[in-house]
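What follows is a single structure, written as structure tokens, with notes after it.
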Number of protein chains: 4
Amino acid sequence: MAGSSFGTIFKITTWGESHGRGIGVVVDGCPAGIPLQEEWVQAYLNRRRPGQTRYSTPRKENDIVAIESGVFEGLTTGTPISMTVYNETQRSADYSEIAGYYRPGHADFTFDAKYGFRDYRGGGRSSGRETIGRVAAGAVACALLKELGITATAYTKAIGPVNATPSNLSPDILILERDASPLFMPGKAASDAAEEYLQNTMRAFDSAGGIIECIISGIPAGIGDPVFEKLDANLAKAIFSIGAVKGFEIGSGFLCAAAKGSENNDAFLGTKNGRAEKATNRAGGILGGISDGSDIVLRAAIKPTPSIFREQQTIGRDGCPRTVQVKGRHDPVIVPRAVVVVEAMAALTVADALLVNMGARMEYVRKFYDKNS
Amino acid sequence: MAGSSFGTIFKITTWGESHGRGIGVVVDGCPAGIPLQEEWVQAYLNRRRPGQTRYSTPRKENDIVAIESGVFEGLTTGTPISMTVYNETQRSADYSEIAGYYRPGHADFTFDAKYGFRDYRGGGRSSGRETIGRVAAGAVACALLKELGITATAYTKAIGPVNATPSNLSPDILILERDASPLFMPGKAASDAAEEYLQNTMRAFDSAGGIIECIISGIPAGIGDPVFEKLDANLAKAIFSIGAVKGFEIGSGFLCAAAKGSENNDAFLGTKNGRAEKATNRAGGILGGISDGSDIVLRAAIKPTPSIFREQQTIGRDGCPRTVQVKGRHDPVIVPRAVVVVEAMAALTVADALLVNMGARMEYVRKFYDKNS
Amino acid sequence: MAGSSFGTIFKITTWGESHGRGIGVVVDGCPAGIPLQEEWVQAYLNRRRPGQTRYSTPRKENDIVAIESGVFEGLTTGTPISMTVYNETQRSADYSEIAGYYRPGHADFTFDAKYGFRDYRGGGRSSGRETIGRVAAGAVACALLKELGITATAYTKAIGPVNATPSNLSPDILILERDASPLFMPGKAASDAAEEYLQNTMRAFDSAGGIIECIISGIPAGIGDPVFEKLDANLAKAIFSIGAVKGFEIGSGFLCAAAKGSENNDAFLGTKNGRAEKATNRAGGILGGISDGSDIVLRAAIKPTPSIFREQQTIGRDGCPRTVQVKGRHDPVIVPRAVVVVEAMAALTVADALLVNMGARMEYVRKFYDKNS
Amino acid sequence: MAGSSFGTIFKITTWGESHGRGIGVVVDGCPAGIPLQEEWVQAYLNRRRPGQTRYSTPRKENDIVAIESGVFEGLTTGTPISMTVYNETQRSADYSEIAGYYRPGHADFTFDAKYGFRDYRGGGRSSGRETIGRVAAGAVACALLKELGITATAYTKAIGPVNATPSNLSPDILILERDASPLFMPGKAASDAAEEYLQNTMRAFDSAGGIIECIISGIPAGIGDPVFEKLDANLAKAIFSIGAVKGFEIGSGFLCAAAKGSENNDAFLGTKNGRAEKATNRAGGILGGISDGSDIVLRAAIKPTPSIFREQQTIGRDGCPRTVQVKGRHDPVIVPRAVVVVEAMAALTVADALLVNMGARMEYVRKFYDKNS
């Protein structure tokens with residue numbers, strides 16, 4: 001199936017495998033007239049680049065992006081923006097062994113089940129490198145959101161059992177603290193504790209998971225749809241389409257299951273610029289699938305990296321049991337590098353919802369075409 | 001936006017408001033030749049009908065379904081199946097008061113923000129009655145899955161802080177126990193405790209939330225897509241598009257965040273009929289977005305009913321603060337009635353994924369057209 | 001496949017067969033706040049109702065529409081508008097004969113080839129009655145276009161070899177002349193000649209085809225897309241999705257093939273309200289897939305009704321040759337009744353294109369959200 | 001809007017402008033296991049390459065394609081196939097003049113109307129170079145069709161008023177004759193006459209249009225959908241999305257409008273391998289939107305190249321009248337180069353319809369999953 005596209009009006013299509021010529025994305029439906037340069041996109045890609053700390057694979061991947069189309073004299077033209085990152089090293093290792101078995105926790109088995117064979121040189125489309133296209137496209141979505149005063153800010157909320165300091169941080173401080181941490185985790189004490197946890201985990205030849213939180217600020221009220229295209233439903237799909245995500249929640253999330261109505265409802269206090277002012281934000285900024293104008297707050301649970309340097313039980317392509325010991329250079333935790341991926345997918349979802357929403361009222365459509373024609 | 005459709009090949013479109021003439025759904029893309037009768041669909045609808053226990057609204061809604069098209073001589077014809085449930089009572093209460101303010105935890109404010117006005121006689125498209133269309137369509141999806149030996153079984157996993165007995169129950173026993181409980185919660189002790197919790201909650205004029213789990217059994221390996229159309233991503237969207245869902249997880253879910261790779265990986269033991277046999281199923285039946293043939297296990301967190309019989313702080317349409325006390329007959333907990341809705345949305349997602357998947361390999365396409373032409 | 005939907009933002013889904021309980025349509029994505037009443041929709045349906053002249057089937061079909069949802073206090077609410085026309089007579093004729101063979105020029109054979117069986121009581125989804133849903137939805141689209149000063153006007157351009165008077169008629173006169181003709185053909189002389197041709201055709205137990213032209217006036221410049229979603233490409237699909245259409249053209253159409261560039265180009269003279277003023281309109285109002293603000297002029301070729309009262313050569317379901325003589329009451333020409341169907345499909349296409357286009361420029365998006373939030 | 005994608009399951013997305021870095025396409029949803037090499041794609045691209053005869057622009061464009069992803073060890077992997085053709089010369093002419101006015105018959109005016117500005121260095125997305133992506137993707141679709149014994153063969157049917165010899169040619173002879181003609185027009189006499197017509201046209205500094213016919217052979221019966229996704233409706237959209245197409249017809253096309261039912265119906269004679277055998281094929285292989293197994297025969301009217309070397313009346317971006325004389329190297333007729341583009345779009349449409357159709361009957365779905373799981 002054509003499963004490599006995301007979005008309705010602001011739509012992206014990604015391509016490329018871990019060990020092919022490169023990775024790319026086509027962003028279609030982006031409005032004309034947004035300032036866009038390769039430097040802007042590169043800054044987002046740099047946040048997912050490995051090798052920046054000891055907690056990511058030491059593989060060297062510069063991941064330099066080229067904008068191939070859709071930008072003219074520094075502005076988006078309204079036509080498809082194609083962006084490519086070429087793989088730098090055409091690795092020619094001997095893959096004969098890994099071609100023959102299924103790594104636990106990976107998609108090797110399910111790829112073979114679906115397609116009958118697979119590009120066994122790496123994770124193929126299930127590789128983390130696939131997210132390069134998402135991040136490049138997300139950077140374009142963020143450029144659009146910036147024009148409207150909307151920001152998406154993700155950060156590491158937990159590494160293993162270590163939680164970030166509970167934060168009522170202002171957005172600016174949050175970003176400062178996040179970027180000061182090698183794990184993109186605000187709060188020095190928490191970040192240090194998480195580092196220690198990670199080092200112990202690595203020494204035990206094991207890997208760690210965690211939680212990423214993303215806050216979308218500045219979104220107007222009225223964005224999203226009441227039934228299947230709820231804004232939170234689309235965010236759920238967007239975030240769950242990232243490999244390794246096993247849980248998604250919004251606002252009070254799973255905690256609401258044990259709460260009472262009187263504890264979970266947010267009292268309305270007033271409105272400001274069309275947005276709701278509420279005593280609390282347990283709803284996470286969305287009521288009935290539609291934004292209320294408060295911050296949208298979402299969280300994703302990330303599983304521990306399945307590639308660990310221990311012997312594991314598995315089967316070969318022949319179905320026979322055997323043991324494997326994964327080699328190579330793997331991230332002991334992917335949470336920090338996935339932070340910008342969550343941010344990108346959230347921004348893509350919101351950008352699309354904003355464009356889709358413009359025809360919600362005849363009053364708007366009428367004014368729009370009066371003004372423009 | 002056209003947000004009332006779900007699915008790509010097996011696609012449904014719902015319509016209708018709580019206080020309009022009726023509620024309906026059009027199921028398009030259903031294969032020809034599936035036995036289908038109104039009784040089959042009605043049985044699913046009966047599971048969400050209110051008034052069956054003291055834990056649901058005493059409103060009487062018989063919700064009788066009519067199949068208007070797409071079935072001929074007891075078989076689906078391959079053309080759209082339109083199903084309608086007419087609202088029995090055209091209620092003509094005085095709505096002038098509730099038209100003027102925003103109920104906390106409801107979509108009143110966001111509807112006004114999006115559309116400029118709303119059908120103030122009830123929840124409109126955000127009413128729980130909207131799910132009638134989903135359940136009727138889900139019944140058709142289940143008829144399709146039945147032909148392939150696939151089942152979707154949902155049940156109440158938790159009400160407030162009370163959890164169902166941890167279950168390694170066989171599917172048959174699970175269903176028996178579920179259906180013996182007024183809360184659709186397996187395990188008599190757990191169900192009784194949940195009832196007691198609910199009665200206390202109701203006495204305090206409050207409401208409760210909970211967790212629903214759904215198990216999809218019998219799905220072949222290889223269903224789903226590796227990037228944006230991951231099977232779990234589509235399940236996440238499907239379940240999150242149900243009103244009141246605030247969290248979604250699959251397999252080990254949020255627990256994986258604190259686990260280590262060595263604890264979270266599932267060892268492969270062998271294969272059987274093309275499906276993976278694994279020592280554990282923390283992945284919840286999906287690896288890299290594609291089914292591995294094990295049970296798919298998902299959970300949804302349901303918030304407590306926002307309508308409670310206490311005075312709450314809110315604002316009027318004029319933006320001015322005021323208090324409200326919701327009247328009428330409301331469910332103190334919607335979890336039990338939502339069980340069949342979760343089942344329906346899961347079945348719809350899987351049915352669509354199965355049809356979309358048939359062209360994954362040229363080998364299959366070739367055989368298909370050799371055989372049929 | 002889910003082939004019963006049309007449109008991206010303004011999306012319709014039709015259902016129902018000729019001999020089932022009824023025919024209906026769900027219009028989703030219609031902006032909130034458009035005045036809409038059943039009378040408005042009924043007026044469009046009345047134009048396709050049979051039995052009004054001797055040139056249509058004498059079957060009595062009142063085709064009374066009910067709006068089941070999506071309208072509150074006389075205005076569209078932004079949620080799905082479900083409309084139903086119930087079939088008045090549950091005909092219980094003996095269909096055993098027609099079940100057994102394939103009518104030439106009909107979809108009987110191809111339905112069996114696709115679905116393995118068919119609702120043999122009539123044309124099923126290939127019946128002309130399927131267009132009821134299109135016309136009802138088109139009436140809603142026309143209500144939207146009316147708010148923007150846009151009109152779609154179709155009329156009979158030719159019946160068999162008889163052409164309508166070449167018309168530079170003003171829209172008002174065109175409609176007057178059209179509605180004065182039993183064939184919806186402007187120009188009394190032409191209409192009379194066409195009637196005579198039809199009467200001769202009917203006496204010979206034969207049927208006739210023709211051409212329908214549609215003019216869309218008042219559309220702003222800049223609507224449509226430059227590549228696959230060209231406005232003319234979507235109009236082509238919309239019109240070609242009407243049964244019996246075998247040709248589609250825009251502007252100079254097939255005549256352009258033999259013309260020279262110097263003869264076919266339209267000179268630009270100036271602009272007015274953002275629309276192009278051109279010396280001629282051979283382009284038919286669309287350049288590069290995008291409207292230039294002139295009238296959009298399109299034509300559809302309609303084949304002669306395949307049901308004729310003569311013996312014809314065909315085969316049975318068993319593949320064996322046999323002859324058939326179609327019985328029943330059939331239109332000797334469907335062109336006049338198809339006029340409003342062409343109008344409806346054109347209006348639906350334009351309404352969707354207008355809504356889709358609102359995010360084409362960041363300048364517009366910025367103003368929109370400044371104004372509204 | 002996201003208008004650069006085409007198809008539902010077999011979906012393509014194109015990008016790139018005439019004067020940017022390159023042109024490309026992503027083919028998503030192609031089944032795994034189809035043999036594919038760059039040479040196969042290049043052969044299709046070579047057919048649209050200019051400079052091969054005196055009847056196309058003398059610009060040198062080698063248009064060498066690279067497959068960037070989705071093929072492994074010579075087979076498609078089921079994941080996106082990205083193909084790129086880099087523009088060889090980064091032309092740096094002085095565009096200041098053409099930036100300021102609107103060429104008649106081109107999309108300059110409508111691009112400005114839609115996007116507010118345009119890449120004035122050339123036709124941008126409306127350039128003929130955009131079709132490179134279509135042709136490369138069409139080559140992949142043809143590789144899929146080849147596996148099923150289906151062919152799409154397009155050729156020049158008319159140049160200006162000169163028609164190709166009426167052909168009941170066998171497919172092989174048709175292709176031989178076509179490829180022997182510099183205009184891709186079968187029949188030496190006709191081709192010579194067309195050449196003479198073209199030379200006269202060029203001497204008059206004018207340009208010519210024409211008609212392209214495409215024959216799709218070997219398609220099974222039962223492909224396509226009865227309502228909006230009719231196979232002919234999708235072909236109409238596909239072909240009309242090619243710039244310069246102003247008319248589309250299938251089978252007897254516009255001629256049917258003047259025919260009688262007794263003349264236009266095709267008598268069924270029998271069936272062979274599930275396909276209809278008919279006395280004639282006026283339907284063009286499609287009945288009720290679904291293939292009957294006969295050849296699908298379609299035609300497209302192509303307008304004369306709007307760029308002519310004569311002074312023409314137009315307006316500037318300021319709206320003021322002025323004259324222009326187009327410079328540069330332009331094709332005096334684009335019909336021959338568009339032949340392969342029509343073939344590509346037809347193949348893409350059919351490939352998608354074939355994959356979409358596989359779930360039409362439960363009987364097929366059941367067998368499919370019995371076999372595979």
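Chains: A, B, ... in order of the structure tokens. Residues: from 1 per chain. Ligands: from 1, in order shown.
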List as a PDB file with C-alpha atoms, in the first residue's frame the protein and nucleic acid residues near D:Val335, meaning an atom at most 8 Å away when only C-alpha atoms are counted, but skip any in the same chain fewer than 5 places from it.
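Listed below is the output, around06.pdb:
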ATOM      1  CA  THR D 156      -0.203   9.792 -32.709  1.00  0.00           C
ATOM      2  CA  ILE D 159      -1.487  16.037 -36.301  1.00  0.00           C
ATOM      3  CA  LEU D 183       5.936  11.726 -35.355  1.00  0.00           C
ATOM      4  CA  GLY D 209      -2.052  20.266 -32.137  1.00  0.00           C
ATOM      5  CA  GLY D 210      -3.327  16.751 -32.605  1.00  0.00           C
ATOM      6  CA  ILE D 211      -4.861  13.630 -31.155  1.00  0.00           C
ATOM      7  CA  ILE D 212      -3.253  10.746 -29.291  1.00  0.00           C
ATOM      8  CA  ILE D 302      -3.831  18.068 -27.557  1.00  0.00           C
TER       9      ILE D 302
END
Could you give me, as a tab-separated table, every chain B residue with an atom at most 8 Å from chain D, plus its closest atom pair and distance in Å to one decimal, counting only C-alpha atoms, rows ordered by chain then number?
residue	atom	partner	partner_atom	distance
B:Ile9	CA	D:Val356	CA	7.6
B:Gly29	CA	D:Ala360	CA	7.6
B:Cys30	CA	D:Ala360	CA	7.6
B:Pro31	CA	D:Arg361	CA	4.6
B:Ala32	CA	D:Arg361	CA	4.6
B:Gly33	CA	D:Met362	CA	5.5
B:Ile34	CA	D:Met362	CA	6.3
B:Gly78	CA	D:Ala360	CA	6.6
B:Leu144	CA	D:Met362	CA	7.8
B:Glu147	CA	D:Arg366	CA	7.0
B:Leu148	CA	D:Arg366	CA	6.3
B:Pro220	CA	D:Ser373	CA	5.6
B:Ala221	CA	D:Ser373	CA	7.3
B:Asn273	CA	D:Ser373	CA	5.6
B:Gly274	CA	D:Ser373	CA	5.4
B:Arg275	CA	D:Ser373	CA	7.4
B:Leu355	CA	D:Gly359	CA	5.6
B:Val356	CA	D:Ile9	CA	7.6
B:Met358	CA	D:Met358	CA	6.6
B:Gly359	CA	D:Leu355	CA	5.6
B:Ala360	CA	D:Pro31	CA	4.8
B:Arg361	CA	D:Ala32	CA	4.6
B:Met362	CA	D:Pro31	CA	5.1
B:Glu363	CA	D:Gly33	CA	7.0
B:Val365	CA	D:Leu355	CA	7.5
B:Arg366	CA	D:Leu148	CA	6.3
B:Phe368	CA	D:Met358	CA	7.7
B:Tyr369	CA	D:Leu148	CA	7.3
B:Asp370	CA	D:Leu148	CA	8.0
B:Asn372	CA	D:Gly274	CA	7.7
B:Ser373	CA	D:Gly274	CA	5.4
Residues of the last selection are to be written out with N, CA, C and O atoms, as a compact mmCIF listing (two decimals), in the first residue's frame.
# COMPACT_ATOMS: atom_id res chain seq x y z
N ILE B 9 -9.86 1.37 1.91
CA ILE B 9 -10.60 0.50 1.01
C ILE B 9 -11.94 0.13 1.66
O ILE B 9 -13.00 0.30 1.07
N GLY B 29 -16.96 -0.23 0.17
CA GLY B 29 -15.77 -1.02 -0.06
C GLY B 29 -15.78 -2.38 0.63
O GLY B 29 -14.77 -3.07 0.66
N CYS B 30 -16.92 -2.77 1.17
CA CYS B 30 -17.04 -4.10 1.77
C CYS B 30 -17.10 -5.13 0.64
O CYS B 30 -17.88 -4.98 -0.30
N PRO B 31 -16.30 -6.18 0.70
CA PRO B 31 -16.34 -7.18 -0.37
C PRO B 31 -17.73 -7.78 -0.55
O PRO B 31 -18.52 -7.84 0.40
N ALA B 32 -18.02 -8.19 -1.76
CA ALA B 32 -19.28 -8.86 -2.06
C ALA B 32 -19.26 -10.28 -1.51
O ALA B 32 -18.22 -10.93 -1.47
N GLY B 33 -20.45 -10.76 -1.09
CA GLY B 33 -20.58 -12.16 -0.75
C GLY B 33 -20.48 -12.49 0.72
O GLY B 33 -20.36 -13.67 1.08
N ILE B 34 -20.53 -11.50 1.60
CA ILE B 34 -20.51 -11.78 3.04
C ILE B 34 -21.95 -11.89 3.53
O ILE B 34 -22.75 -10.98 3.31
N GLY B 78 -21.15 -5.75 -2.42
CA GLY B 78 -19.94 -5.02 -2.81
C GLY B 78 -20.19 -3.54 -2.95
O GLY B 78 -19.24 -2.77 -3.13
N LEU B 144 -16.88 -9.68 8.29
CA LEU B 144 -15.78 -9.96 7.37
C LEU B 144 -14.67 -10.73 8.09
O LEU B 144 -14.18 -11.76 7.60
N GLU B 147 -15.18 -14.45 8.65
CA GLU B 147 -14.91 -15.30 7.49
C GLU B 147 -13.45 -15.75 7.44
O GLU B 147 -13.12 -16.74 6.79
N LEU B 148 -12.59 -14.97 8.08
CA LEU B 148 -11.16 -15.26 8.05
C LEU B 148 -10.67 -15.83 9.38
O LEU B 148 -9.46 -16.00 9.58
N PRO B 220 -3.31 -12.75 10.38
CA PRO B 220 -2.08 -13.29 9.78
C PRO B 220 -0.90 -12.35 10.03
O PRO B 220 -1.10 -11.18 10.34
N ALA B 221 0.30 -12.85 9.90
CA ALA B 221 1.48 -11.99 9.91
C ALA B 221 1.57 -11.24 8.59
O ALA B 221 1.11 -11.72 7.56
N ASN B 273 1.96 -21.71 10.74
CA ASN B 273 1.06 -21.13 9.74
C ASN B 273 1.49 -19.72 9.35
O ASN B 273 0.65 -18.83 9.18
N GLY B 274 2.78 -19.51 9.27
CA GLY B 274 3.27 -18.21 8.87
C GLY B 274 3.30 -17.18 9.97
O GLY B 274 3.75 -16.05 9.76
N ARG B 275 2.81 -17.53 11.15
CA ARG B 275 2.79 -16.59 12.28
C ARG B 275 3.98 -16.85 13.19
O ARG B 275 4.44 -17.99 13.33
N LEU B 355 -7.58 -5.69 3.54
CA LEU B 355 -7.89 -5.48 2.12
C LEU B 355 -6.78 -4.69 1.42
O LEU B 355 -6.43 -4.96 0.28
N VAL B 356 -6.24 -3.71 2.14
CA VAL B 356 -5.18 -2.88 1.57
C VAL B 356 -3.93 -3.71 1.29
O VAL B 356 -3.16 -3.41 0.38
N MET B 358 -3.51 -6.75 0.17
CA MET B 358 -3.52 -7.88 -0.77
C MET B 358 -2.57 -7.71 -1.95
O MET B 358 -2.19 -8.68 -2.59
N GLY B 359 -2.17 -6.48 -2.23
CA GLY B 359 -1.25 -6.27 -3.35
C GLY B 359 0.19 -6.07 -2.91
O GLY B 359 0.98 -5.49 -3.66
N ALA B 360 0.55 -6.58 -1.73
CA ALA B 360 1.89 -6.28 -1.23
C ALA B 360 3.00 -6.95 -2.04
O ALA B 360 4.12 -6.46 -2.09
N ARG B 361 2.69 -8.09 -2.64
CA ARG B 361 3.72 -8.80 -3.42
C ARG B 361 3.23 -9.06 -4.83
O ARG B 361 2.09 -9.47 -5.03
N MET B 362 4.13 -8.91 -5.79
CA MET B 362 3.77 -9.20 -7.18
C MET B 362 3.38 -10.66 -7.34
O MET B 362 2.49 -10.98 -8.13
N GLU B 363 4.02 -11.51 -6.58
CA GLU B 363 3.70 -12.94 -6.59
C GLU B 363 2.20 -13.16 -6.30
O GLU B 363 1.54 -13.98 -6.93
N VAL B 365 -0.23 -10.81 -6.63
CA VAL B 365 -1.02 -10.14 -7.66
C VAL B 365 -1.10 -11.05 -8.90
O VAL B 365 -2.15 -11.22 -9.51
N ARG B 366 0.03 -11.64 -9.23
CA ARG B 366 0.10 -12.51 -10.41
C ARG B 366 -0.83 -13.71 -10.24
O ARG B 366 -1.64 -14.01 -11.10
N PHE B 368 -3.34 -13.99 -8.25
CA PHE B 368 -4.71 -13.54 -8.17
C PHE B 368 -5.31 -13.38 -9.56
O PHE B 368 -6.39 -13.86 -9.85
N TYR B 369 -4.59 -12.73 -10.45
CA TYR B 369 -5.15 -12.47 -11.76
C TYR B 369 -5.03 -13.68 -12.68
O TYR B 369 -5.81 -13.81 -13.62
N ASP B 370 -4.08 -14.55 -12.41
CA ASP B 370 -4.09 -15.82 -13.14
C ASP B 370 -5.35 -16.61 -12.82
O ASP B 370 -6.02 -17.15 -13.68
N ASN B 372 -8.18 -15.53 -11.57
CA ASN B 372 -9.49 -14.94 -11.78
C ASN B 372 -9.78 -14.51 -13.21
O ASN B 372 -10.89 -14.10 -13.51
N SER B 373 -8.79 -14.52 -14.05
CA SER B 373 -9.07 -13.98 -15.39
C SER B 373 -8.81 -15.01 -16.49
O SER B 373 -8.36 -16.11 -16.22
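Counting only C-alpha atoms and comparing C:Lys157, C:Arg337, C:Arg59, C:Arg310, the residue that lies closest to C:Ser207 is C:Arg310.
Here atom CA of C:Phe111 is placed at a distance of 29.3 Å from atom CA of B:Ala2.
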Can you pull out the residues contacting A:Phe228? Cut-off 9 Å, using only C-alpha atoms, and skip same-chain residues under 3 positions away; I want them as a list in words. Asp225, Leu231, Ala233, Asn234 and Gly289 of chain A; Gly3, Ser4, Ser5, Phe6, Lys237, Ala238, Phe240, Ser241 and Ile242 of chain B
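With atom CA of B:Thr13 on one side and atom CA of B:Arg121 on the other, the separation reads 23.0 Å.
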Just asking: which residues within stretch 99-171 of chain D are alpha helix (DSSP H) according to DSSP, as a VMD selection string? chain D and resid 108 to 115 131 to 147 171
